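Beneath this line is the structure, given in structure tokens, with notes to follow.
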Amino acid sequence: MLGHMPVSHCTKDIQRKINFSNFLNQPTSSPANTFTELQSLMAPDDKAGDSVEPAKPKTLLRVRACFLKGVSYFSGDMKVYGQWMEKQFFLLQLLDWVLRGAAQVMFVNNPLSGLIIFAGLILQNYWWALNGFVGTLFATISALILQQNRGAIAAGLYGYNGILVGLLMAVFSSAGAWYWWLLLPNIFMSMMCPVVSSALASINSRWDLPVFTLPFNILVCLHMVATGYYNPYFPQVNIQPRSAMPNITWAQLDVAKLFMSVPVGIGQVYGCDNPWTGGIFIISLFISSPITCAHAVIGSAVGMVSGLALAAPFGDIYFGLWGYNCVLACIAIGGMFYALTWQVHLLAITCAFFCAYLSSAIANIMSRFGLPACTWPFCLSALTFLLLTTETNKIFKLPLAKVTYPEKNLRFFWKLKKKEKMEKAEKERKEVEEQKKIIKETMILNEQEKRVLERMEEGREESERSEGNDDETHGEDHAPGVQQQHTANTPVEN
Amino acid sequence: MLGHMPVSHCTKDIQRKINFSNFLNQPTSSPANTFTELQSLMAPDDKAGDSVEPAKPKTLLRVRACFLKGVSYFSGDMKVYGQWMEKQFFLLQLLDWVLRGAAQVMFVNNPLSGLIIFAGLILQNYWWALNGFVGTLFATISALILQQNRGAIAAGLYGYNGILVGLLMAVFSSAGAWYWWLLLPNIFMSMMCPVVSSALASINSRWDLPVFTLPFNILVCLHMVATGYYNPYFPQVNIQPRSAMPNITWAQLDVAKLFMSVPVGIGQVYGCDNPWTGGIFIISLFISSPITCAHAVIGSAVGMVSGLALAAPFGDIYFGLWGYNCVLACIAIGGMFYALTWQVHLLAITCAFFCAYLSSAIANIMSRFGLPACTWPFCLSALTFLLLTTETNKIFKLPLAKVTYPEKNLRFFWKLKKKEKMEKAEKERKEVEEQKKIIKETMILNEQEKRVLERMEEGREESERSEGNDDETHGEDHAPGVQQQHTANTPVEN
Amino acid sequence: MLGHMPVSHCTKDIQRKINFSNFLNQPTSSPANTFTELQSLMAPDDKAGDSVEPAKPKTLLRVRACFLKGVSYFSGDMKVYGQWMEKQFFLLQLLDWVLRGAAQVMFVNNPLSGLIIFAGLILQNYWWALNGFVGTLFATISALILQQNRGAIAAGLYGYNGILVGLLMAVFSSAGAWYWWLLLPNIFMSMMCPVVSSALASINSRWDLPVFTLPFNILVCLHMVATGYYNPYFPQVNIQPRSAMPNITWAQLDVAKLFMSVPVGIGQVYGCDNPWTGGIFIISLFISSPITCAHAVIGSAVGMVSGLALAAPFGDIYFGLWGYNCVLACIAIGGMFYALTWQVHLLAITCAFFCAYLSSAIANIMSRFGLPACTWPFCLSALTFLLLTTETNKIFKLPLAKVTYPEKNLRFFWKLKKKEKMEKAEKERKEVEEQKKIIKETMILNEQEKRVLERMEEGREESERSEGNDDETHGEDHAPGVQQQHTANTPVEN
């Protein structure tokens, strides 16, 4: 996620999108507008649509325009709002960054989504929400102190590890809620986030890879293993490796709970097991980017299926432990860092399956050290799939600096393809012209040569004839025409 | 191994080798021809030998030529056969790639070796052989789907991780033979091989390093730790860390078994403990490359000695567990990725010792997680020794794209050295010529200057003498000679 | 540390420093000269001080000069001595390299410090000191055999891992002192040091990072885990993970022992728990570089405080286990690889706290495998902080090739800043001149053009007037002056 600085150059895109969308979509507020909005956000950036259906009633068009303009203000990365925010009071800006940071866990750069996510967290647990807020705040402040890139800070890219560090340190502490001392290591670890982020970015940038939630994984594991279950000040929950065959009876499978595990899996990204919280998170994703939302749900479902296939205890599946990594992996591959095509969509699902496998493996290994799996499986699987190189152009990895959100990434990809096509056509056109020009030039040169030769012969004859006139020698910059005029003059003088 | 695409440009080398070998080797089929063939394969690529021993009887020469031509068709990487295969039916090609993939575990790009290896596997265990075949097949198919490099696929570079994944998943499964469900994770993991290979190649290529069997190590460990001993569907064998002092009585040492551990160690590369299978593998190596074969045997012996030195239980040594990593490490360093010199040979033996140490360490660590050591020790030790940089030119690391098999690598190295020498000589020659030319040119220039000056003086005198003729000024492209002729003419005209 | 070759180009710096220091410092031998020497070593490299206070009594100046010249001979990296050593007998040189290697553990390139450190080791334990010496010696010899960079060998950069390998293998062996067989794995592992160093340097150099003590960490852990507690030949001490709540009663805290833990922490860098040995090490650091010495003490204190904060058993803190990693991390960041500013000083203290946290975490993880933490925490935390990138120029990471010791690094940093300032001024000056020149040139050109035009008009008139004389055409290389002379001549001729 680190590396894209979306502050300065994009509002016109939104404007254009709005203008164009006026003519394309129906302004409905029913569930059917899911697809509509998706289409609007995915609308290509050309003016081809402007002439389509001009006969529609004017009032409807206006209503639609208003609606879409409204949608554009709070969907995507809320660029207009972000630009307006730049001129505001510092504390307000900081709040904006913190909210964006909260949403960036899901790759969403949107303060409204962040606000809704905080609402979901409060619904889950006050103490956790507080810790999450403190984490995001201090991570952002630390990034400011360390003079990190302002655009990245403003996009919340230094906050998302902070919120996870804060939340999960509270979740895995066995000291109980409102144990205020916990804020001390919380603040220290949150402030280390930008350091670790920056260090990892130095390494990952060599392969144009984001750092994902690696800083969070490193720092939370660091805190948990440094203190552990037997620590008198900061005790951790006791996580034990599996030591007996789990009792799996398919008859006991609770289908309702199984379906519920999909939103729970999304909630578990923030360590929340409340299905309503998960539902709220789904809404916050949908607001910013429907593609992200769809892949989150798919990922969670894939994780659930994998859990069943690998004989996981049903309790773990219901609790969403098999889902959250797949959610993140599926979002990351499905449209966020690759431009979404059908091939990429299949790749995202494969990645989710691989991630589920990895989740099980890493959870087993980490449990030996009393550690949870955190989001290591997501980071490792997504990095593996981003490092993949193929010889097909259907799987296009976006340059890290151009990554924003799936819909805009798609527009970027389409523009690029169009540009390439045009450049190719242009090149061909130029080549043809070049050839024509060369033919023309050679013809001119031949003629000139002929003239010069003629003139030289003439001149020589003349000089032999004449008594004292010698003018065969000329500087380079005299055109043959001038020479001929000259030679034409000379006999007259004689 | 990834990175060399040996398809297109090398048959003439084999032809030249054959032509040259005609005059050098005795066509015997006794064991003595080991050295002969080794020499033939190592024969330098020049024509110096053509004039040697022309007095030999003609029939003998012909027989020898036939024999060597025959050898060239199935030794090395079987280029001629590979080129012929390119025009065949797709399924036949796929079989060729699968066989090459099976042999590439030992860095051998040879379908005949692959066939013999499969024979050895069938001798060991039908079920394992089947799993190995399925693994290679699906890994190759997956590489085709992911549109990986065709040359690399054809060289079996996407298959060797697949065969190991398939084999070892069957070896370490405690569900017993012919448990058909195992084919499901087998196929999934095999199909993940090209993904992990491609991702690792993206990283390793920065240091021009191969990926070795890292994808296999990652994926098999992933499967084993994700399921584990207590899994109801895919249970793994129970590997426990050492928890008591082993009872080592030197009197109990069985020397016959100790010697047998050398072929068993080679067999353990494919997870086979049958010494006959190991012997068959030695033959398959010998067919393609005697240097590889020699280093495999040396490596296995080094591993056995290290096991004795580090007080390993005799059972482990007999079982070949100390050998297989050293075999691979010794092959990789001894002529495969470095050009074979005496220094490199010693380095390969050092690497084998280091690898044995590492085997013990990694086996101890992995056993805590119920995992076998796989070929992690080989990968880590070989990568360490390939990253080594020295200031001597006796240790020459081949560019990854030029790696084929030790004998050909040596020829490449010798050619390069000869070329360098020639270039140096050429450079010196050119420098001398350049100097001569400069001297000559300055002499000419001096003469020209003299002439020009003479002529200018003449001209000035003339122009002073003449009434109206001025022709001192000339364009650049008139040679001084022309000028002089001209000036010589002018007085005549006057 | 690998990468700086300080042999050839720096004595003049020392000389200049001495000249300059003459006028700045008081030649006292009381404890007050701590600051004096610090100032002298930190003295900037300009001549600005030469004119300061010329009125001082001459004798005092002379005494001071002598003293400072003396100090310069054995402080810093002892360049003069090193250059003198280059012409000596090989075994003497080797001894110099071994001593420098012993001191390089603390980033000190000084044979005198190395000698004092060996004295401290002998005070601690004869057998350990012997193993340390053997380790350093064979690591250096191995680097020579492998033809590593001579400058790096001479700076002791191939020895410091060797001394740690030798020492710690002896410290953690449970076979007791004077178990001579231990020298065998000791020599093998020491000789592997340059291989691992070189391999790691190939990777780390991509980010311009040193390898620190990573080779030592890898090789000692390798040996310990390969043999382990249950090995009949090379048994290791039994390190067990914590399995019960430690009993921490603040009333039992022994303040004297707590303060003693600061030098003990410095001693633990070499595995020594004797506070006198630690004190001797502090002296050896002070001789070479007071900044290094100060950061070592700060680091040890930070480690002690962190241990108290994270509820470590008091015994571990007294034993210096919380200090040694912080000592190294604080030295590395505080002036060694960053140029020392206040910001960097604060960063070094932050790094020490982070390192303490990491120490606890890594110690807990490693104990599961029966391993000590070694200096992994230092390596990981220091590498993280060196990978940090910020947009401020107050945190300046020195290029690895320029790293020597904190005082000289500072001078380099100041020089660079001055140079930058001068270059900026120079650039501005040049730009102004360039503009002036352009104005002048355009004026000249205008004049020339005018002349040419005038002359051409004249010539045309002439040619029209004259009967047969045409000399308007001229070669390019005729200067306008010549043309004018010529045209001035022509009328005369006519």
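Chain labels run A, B, ... following the order of the structure tokens; each chain numbers its residues from 1, and ligands are numbered from 1 in the order shown.
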
Enumerate, in order of chain and increasing residue number, the residues of chain C with an atom no farther than 7 Å from chain B, each with its shortest atom pair and distance in Å to one decimal, counting only C-alpha atoms, as JSON lines.
```
{"residue": "C:Leu146", "atom": "CA", "partner": "B:Thr390", "partner_atom": "CA", "distance": 6.2}
{"residue": "C:Gln147", "atom": "CA", "partner": "B:Glu391", "partner_atom": "CA", "distance": 5.5}
{"residue": "C:Gln148", "atom": "CA", "partner": "B:Thr390", "partner_atom": "CA", "distance": 5.5}
{"residue": "C:Val195", "atom": "CA", "partner": "B:Leu388", "partner_atom": "CA", "distance": 6.1}
{"residue": "C:Val196", "atom": "CA", "partner": "B:Thr384", "partner_atom": "CA", "distance": 6.5}
{"residue": "C:Ser198", "atom": "CA", "partner": "B:Leu388", "partner_atom": "CA", "distance": 5.3}
{"residue": "C:Ala199", "atom": "CA", "partner": "B:Leu387", "partner_atom": "CA", "distance": 4.5}
{"residue": "C:Ser202", "atom": "CA", "partner": "B:Leu387", "partner_atom": "CA", "distance": 6.2}
{"residue": "C:Leu222", "atom": "CA", "partner": "B:Ala361", "partner_atom": "CA", "distance": 5.7}
{"residue": "C:Val225", "atom": "CA", "partner": "B:Ala361", "partner_atom": "CA", "distance": 4.9}
{"residue": "C:Ala226", "atom": "CA", "partner": "B:Ala361", "partner_atom": "CA", "distance": 3.7}
{"residue": "C:Thr227", "atom": "CA", "partner": "B:Leu310", "partner_atom": "CA", "distance": 6.9}
{"residue": "C:Tyr230", "atom": "CA", "partner": "B:Met245", "partner_atom": "CA", "distance": 4.6}
{"residue": "C:Asn231", "atom": "CA", "partner": "B:Met245", "partner_atom": "CA", "distance": 6.4}
{"residue": "C:Pro232", "atom": "CA", "partner": "B:Ala311", "partner_atom": "CA", "distance": 6.5}
{"residue": "C:Tyr233", "atom": "CA", "partner": "B:Ala311", "partner_atom": "CA", "distance": 6.5}
{"residue": "C:Phe369", "atom": "CA", "partner": "B:Ile365", "partner_atom": "CA", "distance": 6.7}
{"residue": "C:Asn469", "atom": "CA", "partner": "B:Gly468", "partner_atom": "CA", "distance": 6.3}
{"residue": "C:His474", "atom": "CA", "partner": "B:Thr473", "partner_atom": "CA", "distance": 6.0}
{"residue": "C:Gly475", "atom": "CA", "partner": "B:Gly475", "partner_atom": "CA", "distance": 5.4}
```

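The spacing separating atom CA of Phe412 of chain B from atom CA of Val302 of chain B amounts to 28.7 Å.
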
Practice problem: Determine, counting only C-alpha atoms, which protein, DNA and RNA residues have an atom within 12 Å of an atom of Met169 of chain B; residues of the same chain fewer than 6 positions away are not included. Present the result as a PyMOL selection string. | Solution: chain B and resi 127-132+134-135+161-163+175-177+179+181-190+216-217+219-225+227-228+234-237+270-271+371-372+374

Quiz item: Per DSSP on the backbone, what are the helix (DSSP H, G or I) residues of segment 106-265 of chain C, as a PyMOL selection string?
Solution: chain C and resi 111-124+126-145+150-154+160-172+180-207+214-227+250-252+255-265

Skip Asp96 of chain B itself and residues of its chain fewer than 6 positions away, then list as an mmCIF file with N, CA, C and O atoms, in the first residue's frame all residues within 9 Å of it, counting only C-alpha atoms.
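Okay, this is what ended up in around_18.cif:
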```cif
data_model
loop_
_atom_site.group_PDB
_atom_site.id
_atom_site.type_symbol
_atom_site.label_atom_id
_atom_site.label_comp_id
_atom_site.auth_asym_id
_atom_site.auth_seq_id
_atom_site.Cartn_x
_atom_site.Cartn_y
_atom_site.Cartn_z
ATOM 1 N N GLY B 82 15.782 -33.490 -28.260
ATOM 2 C CA GLY B 82 14.887 -32.401 -27.841
ATOM 3 C C GLY B 82 14.373 -31.614 -29.025
ATOM 4 O O GLY B 82 13.195 -31.240 -29.080
ATOM 5 N N MET B 85 11.908 -33.598 -30.884
ATOM 6 C CA MET B 85 10.678 -33.684 -30.109
ATOM 7 C C MET B 85 9.776 -32.461 -30.334
ATOM 8 O O MET B 85 8.553 -32.559 -30.245
ATOM 9 N N ASN B 110 17.663 -34.511 -18.977
ATOM 10 C CA ASN B 110 17.809 -35.657 -19.868
ATOM 11 C C ASN B 110 16.632 -36.606 -19.682
ATOM 12 O O ASN B 110 16.451 -37.169 -18.604
ATOM 13 N N PRO B 111 15.814 -36.809 -20.736
ATOM 14 C CA PRO B 111 14.614 -37.639 -20.572
ATOM 15 C C PRO B 111 14.932 -39.100 -20.296
ATOM 16 O O PRO B 111 14.186 -39.771 -19.590
ATOM 17 N N GLY B 114 15.502 -39.452 -16.787
ATOM 18 C CA GLY B 114 14.200 -39.358 -16.139
ATOM 19 C C GLY B 114 13.474 -40.697 -16.168
ATOM 20 O O GLY B 114 12.875 -41.111 -15.168
ATOM 21 N N ALA B 154 10.141 -26.826 -21.201
ATOM 22 C CA ALA B 154 10.658 -27.934 -22.005
ATOM 23 C C ALA B 154 11.909 -28.541 -21.389
ATOM 24 O O ALA B 154 12.240 -29.698 -21.636
ATOM 25 N N ALA B 155 12.622 -27.760 -20.580
ATOM 26 C CA ALA B 155 13.813 -28.291 -19.916
ATOM 27 C C ALA B 155 13.456 -28.997 -18.616
ATOM 28 O O ALA B 155 14.334 -29.493 -17.913
ATOM 29 N N GLY B 156 12.173 -29.045 -18.301
ATOM 30 C CA GLY B 156 11.745 -29.735 -17.076
ATOM 31 C C GLY B 156 11.898 -28.900 -15.820
ATOM 32 O O GLY B 156 11.787 -29.416 -14.711
#
```

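Of note, atom CA of Asp208 of chain A and atom CA of Leu200 of chain B are spaced 14.7 Å apart.
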
Practice problem: Extract, using only C-alpha atoms, all DNA, RNA and protein residues at most 8 Å from segment 274-276 of chain A, discarding same-chain residues fewer than 6 positions from it, and format them as a VMD selection string. | Solution: chain A and resid 120 124 260 to 261 263 to 264 267

Taking C-alpha atoms for each residue, export the selection above as a compact mmCIF listing (two decimals), in the first residue's frame.
```
# COMPACT_ATOMS: atom_id res chain seq x y z
CA GLY A 120 -18.38 -1.46 14.22
CA GLN A 124 -17.85 -5.00 19.43
CA MET A 260 -22.66 -16.44 9.49
CA SER A 261 -18.94 -17.24 9.38
CA PRO A 263 -19.30 -11.80 7.79
CA VAL A 264 -17.53 -12.98 10.95
CA GLY A 267 -14.90 -8.91 11.08
```

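One finds atom CA of Leu214 of chain C at 25.3 Å from atom CA of Val344 of chain B.
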
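Taking only C-alpha atoms, the non-local environment of segment 314-317 of chain C within 8 Å (same-chain residues fewer than 3 positions away omitted) comprises Ile248, Leu253, Leu258, Ser261, Met304, Gly307, Leu308, Gly320, Leu321, Trp322 and Gly323 of chain C.
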
Residues from the last selection, N, CA, C and O atoms, saved as a PDB file, in the first residue's frame:
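Below is the file out.pdb, written as the result:
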```pdb
ATOM      1  N   ILE C 248       8.736 -11.791  41.095  1.00  0.00           N
ATOM      2  CA  ILE C 248       9.402 -10.489  41.110  1.00  0.00           C
ATOM      3  C   ILE C 248       8.937  -9.686  42.318  1.00  0.00           C
ATOM      4  O   ILE C 248       7.793  -9.252  42.391  1.00  0.00           O
ATOM      5  N   LEU C 253      15.202  -6.084  45.113  1.00  0.00           N
ATOM      6  CA  LEU C 253      16.079  -5.493  44.101  1.00  0.00           C
ATOM      7  C   LEU C 253      17.387  -5.005  44.726  1.00  0.00           C
ATOM      8  O   LEU C 253      17.373  -4.205  45.666  1.00  0.00           O
ATOM      9  N   LEU C 258      22.411  -3.844  40.277  1.00  0.00           N
ATOM     10  CA  LEU C 258      21.742  -3.242  39.132  1.00  0.00           C
ATOM     11  C   LEU C 258      22.706  -2.306  38.406  1.00  0.00           C
ATOM     12  O   LEU C 258      22.802  -2.322  37.174  1.00  0.00           O
ATOM     13  N   SER C 261      25.299  -4.040  36.544  1.00  0.00           N
ATOM     14  CA  SER C 261      24.839  -4.703  35.322  1.00  0.00           C
ATOM     15  C   SER C 261      25.208  -3.903  34.072  1.00  0.00           C
ATOM     16  O   SER C 261      25.210  -4.453  32.973  1.00  0.00           O
ATOM     17  N   MET C 304      18.978  -2.400  30.728  1.00  0.00           N
ATOM     18  CA  MET C 304      18.657  -2.686  32.127  1.00  0.00           C
ATOM     19  C   MET C 304      17.269  -2.155  32.487  1.00  0.00           C
ATOM     20  O   MET C 304      16.442  -2.877  33.076  1.00  0.00           O
ATOM     21  N   GLY C 307      14.538  -4.207  30.900  1.00  0.00           N
ATOM     22  CA  GLY C 307      14.364  -5.467  31.606  1.00  0.00           C
ATOM     23  C   GLY C 307      13.443  -5.290  32.803  1.00  0.00           C
ATOM     24  O   GLY C 307      12.530  -6.091  33.024  1.00  0.00           O
ATOM     25  N   LEU C 308      13.668  -4.220  33.547  1.00  0.00           N
ATOM     26  CA  LEU C 308      12.803  -3.934  34.701  1.00  0.00           C
ATOM     27  C   LEU C 308      11.370  -3.689  34.238  1.00  0.00           C
ATOM     28  O   LEU C 308      10.409  -4.180  34.850  1.00  0.00           O
ATOM     29  N   GLY C 320      23.493  -9.286  32.873  1.00  0.00           N
ATOM     30  CA  GLY C 320      23.815  -8.512  31.674  1.00  0.00           C
ATOM     31  C   GLY C 320      23.135  -9.004  30.412  1.00  0.00           C
ATOM     32  O   GLY C 320      23.426  -8.535  29.310  1.00  0.00           O
ATOM     33  N   LEU C 321      22.189  -9.941  30.553  1.00  0.00           N
ATOM     34  CA  LEU C 321      21.545 -10.494  29.365  1.00  0.00           C
ATOM     35  C   LEU C 321      20.659  -9.470  28.653  1.00  0.00           C
ATOM     36  O   LEU C 321      20.369  -9.613  27.471  1.00  0.00           O
ATOM     37  N   TRP C 322      20.205  -8.442  29.368  1.00  0.00           N
ATOM     38  CA  TRP C 322      19.366  -7.423  28.745  1.00  0.00           C
ATOM     39  C   TRP C 322      20.192  -6.303  28.130  1.00  0.00           C
ATOM     40  O   TRP C 322      19.661  -5.457  27.426  1.00  0.00           O
ATOM     41  N   GLY C 323      21.505  -6.322  28.437  1.00  0.00           N
ATOM     42  CA  GLY C 323      22.308  -5.174  28.032  1.00  0.00           C
ATOM     43  C   GLY C 323      23.050  -5.303  26.723  1.00  0.00           C
ATOM     44  O   GLY C 323      23.062  -4.382  25.905  1.00  0.00           O
TER      45      GLY C 323
END
```

List the spatial neighbours of Asn409 of chain A as a PDB file with N, CA and C atoms, in the first residue's frame - criterion: any atom at most 10 Å away, only C-alpha atoms, same-chain residues fewer than 5 positions off excluded.
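selection_14.pdb, written as the output of this step:
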```pdb
ATOM      1  N   MET A  42     -17.005   1.812 -12.687  1.00  0.00           N
ATOM      2  CA  MET A  42     -16.143   1.151 -13.651  1.00  0.00           C
ATOM      3  C   MET A  42     -16.215   1.803 -15.028  1.00  0.00           C
ATOM      4  N   GLY A 335      -8.046  -7.158  -8.092  1.00  0.00           N
ATOM      5  CA  GLY A 335      -8.358  -5.813  -8.522  1.00  0.00           C
ATOM      6  C   GLY A 335      -7.569  -4.718  -7.845  1.00  0.00           C
ATOM      7  N   MET A 336      -6.951  -5.011  -6.685  1.00  0.00           N
ATOM      8  CA  MET A 336      -6.243  -3.932  -5.987  1.00  0.00           C
ATOM      9  C   MET A 336      -4.851  -3.721  -6.553  1.00  0.00           C
ATOM     10  N   PHE A 337      -4.049  -4.794  -6.643  1.00  0.00           N
ATOM     11  CA  PHE A 337      -2.697  -4.637  -7.154  1.00  0.00           C
ATOM     12  C   PHE A 337      -2.556  -5.188  -8.579  1.00  0.00           C
ATOM     13  N   TYR A 338      -3.512  -6.012  -8.986  1.00  0.00           N
ATOM     14  CA  TYR A 338      -3.613  -6.412 -10.395  1.00  0.00           C
ATOM     15  C   TYR A 338      -4.843  -5.723 -10.969  1.00  0.00           C
ATOM     16  N   ALA A 339      -4.815  -5.398 -12.246  1.00  0.00           N
ATOM     17  CA  ALA A 339      -6.011  -4.871 -12.901  1.00  0.00           C
ATOM     18  C   ALA A 339      -6.981  -6.024 -13.102  1.00  0.00           C
ATOM     19  N   LEU A 340      -8.235  -5.823 -12.711  1.00  0.00           N
ATOM     20  CA  LEU A 340      -9.207  -6.923 -12.684  1.00  0.00           C
ATOM     21  C   LEU A 340      -9.597  -7.388 -14.086  1.00  0.00           C
ATOM     22  N   LEU A 398      -0.209  -3.563 -11.519  1.00  0.00           N
ATOM     23  CA  LEU A 398      -0.099  -2.108 -11.571  1.00  0.00           C
ATOM     24  C   LEU A 398       1.187  -1.652 -10.905  1.00  0.00           C
ATOM     25  N   LYS A 402       0.660   3.739  -8.828  1.00  0.00           N
ATOM     26  CA  LYS A 402      -0.612   3.980  -9.521  1.00  0.00           C
ATOM     27  C   LYS A 402      -1.777   3.262  -8.854  1.00  0.00           C
ATOM     28  N   VAL A 403      -1.504   2.502  -7.784  1.00  0.00           N
ATOM     29  CA  VAL A 403      -2.560   1.750  -7.117  1.00  0.00           C
ATOM     30  C   VAL A 403      -3.455   2.701  -6.326  1.00  0.00           C
ATOM     31  N   THR A 404      -4.756   2.659  -6.573  1.00  0.00           N
ATOM     32  CA  THR A 404      -5.687   3.442  -5.757  1.00  0.00           C
ATOM     33  C   THR A 404      -6.805   2.537  -5.236  1.00  0.00           C
ATOM     34  N   TRP A 414      -7.282   0.342 -18.602  1.00  0.00           N
ATOM     35  CA  TRP A 414      -7.926   0.521 -19.903  1.00  0.00           C
ATOM     36  C   TRP A 414      -7.292   1.671 -20.673  1.00  0.00           C
ATOM     37  N   LYS A 415      -7.033   2.761 -19.957  1.00  0.00           N
ATOM     38  CA  LYS A 415      -6.381   3.920 -20.592  1.00  0.00           C
ATOM     39  C   LYS A 415      -5.048   3.499 -21.190  1.00  0.00           C
TER      40      LYS A 415
END
```
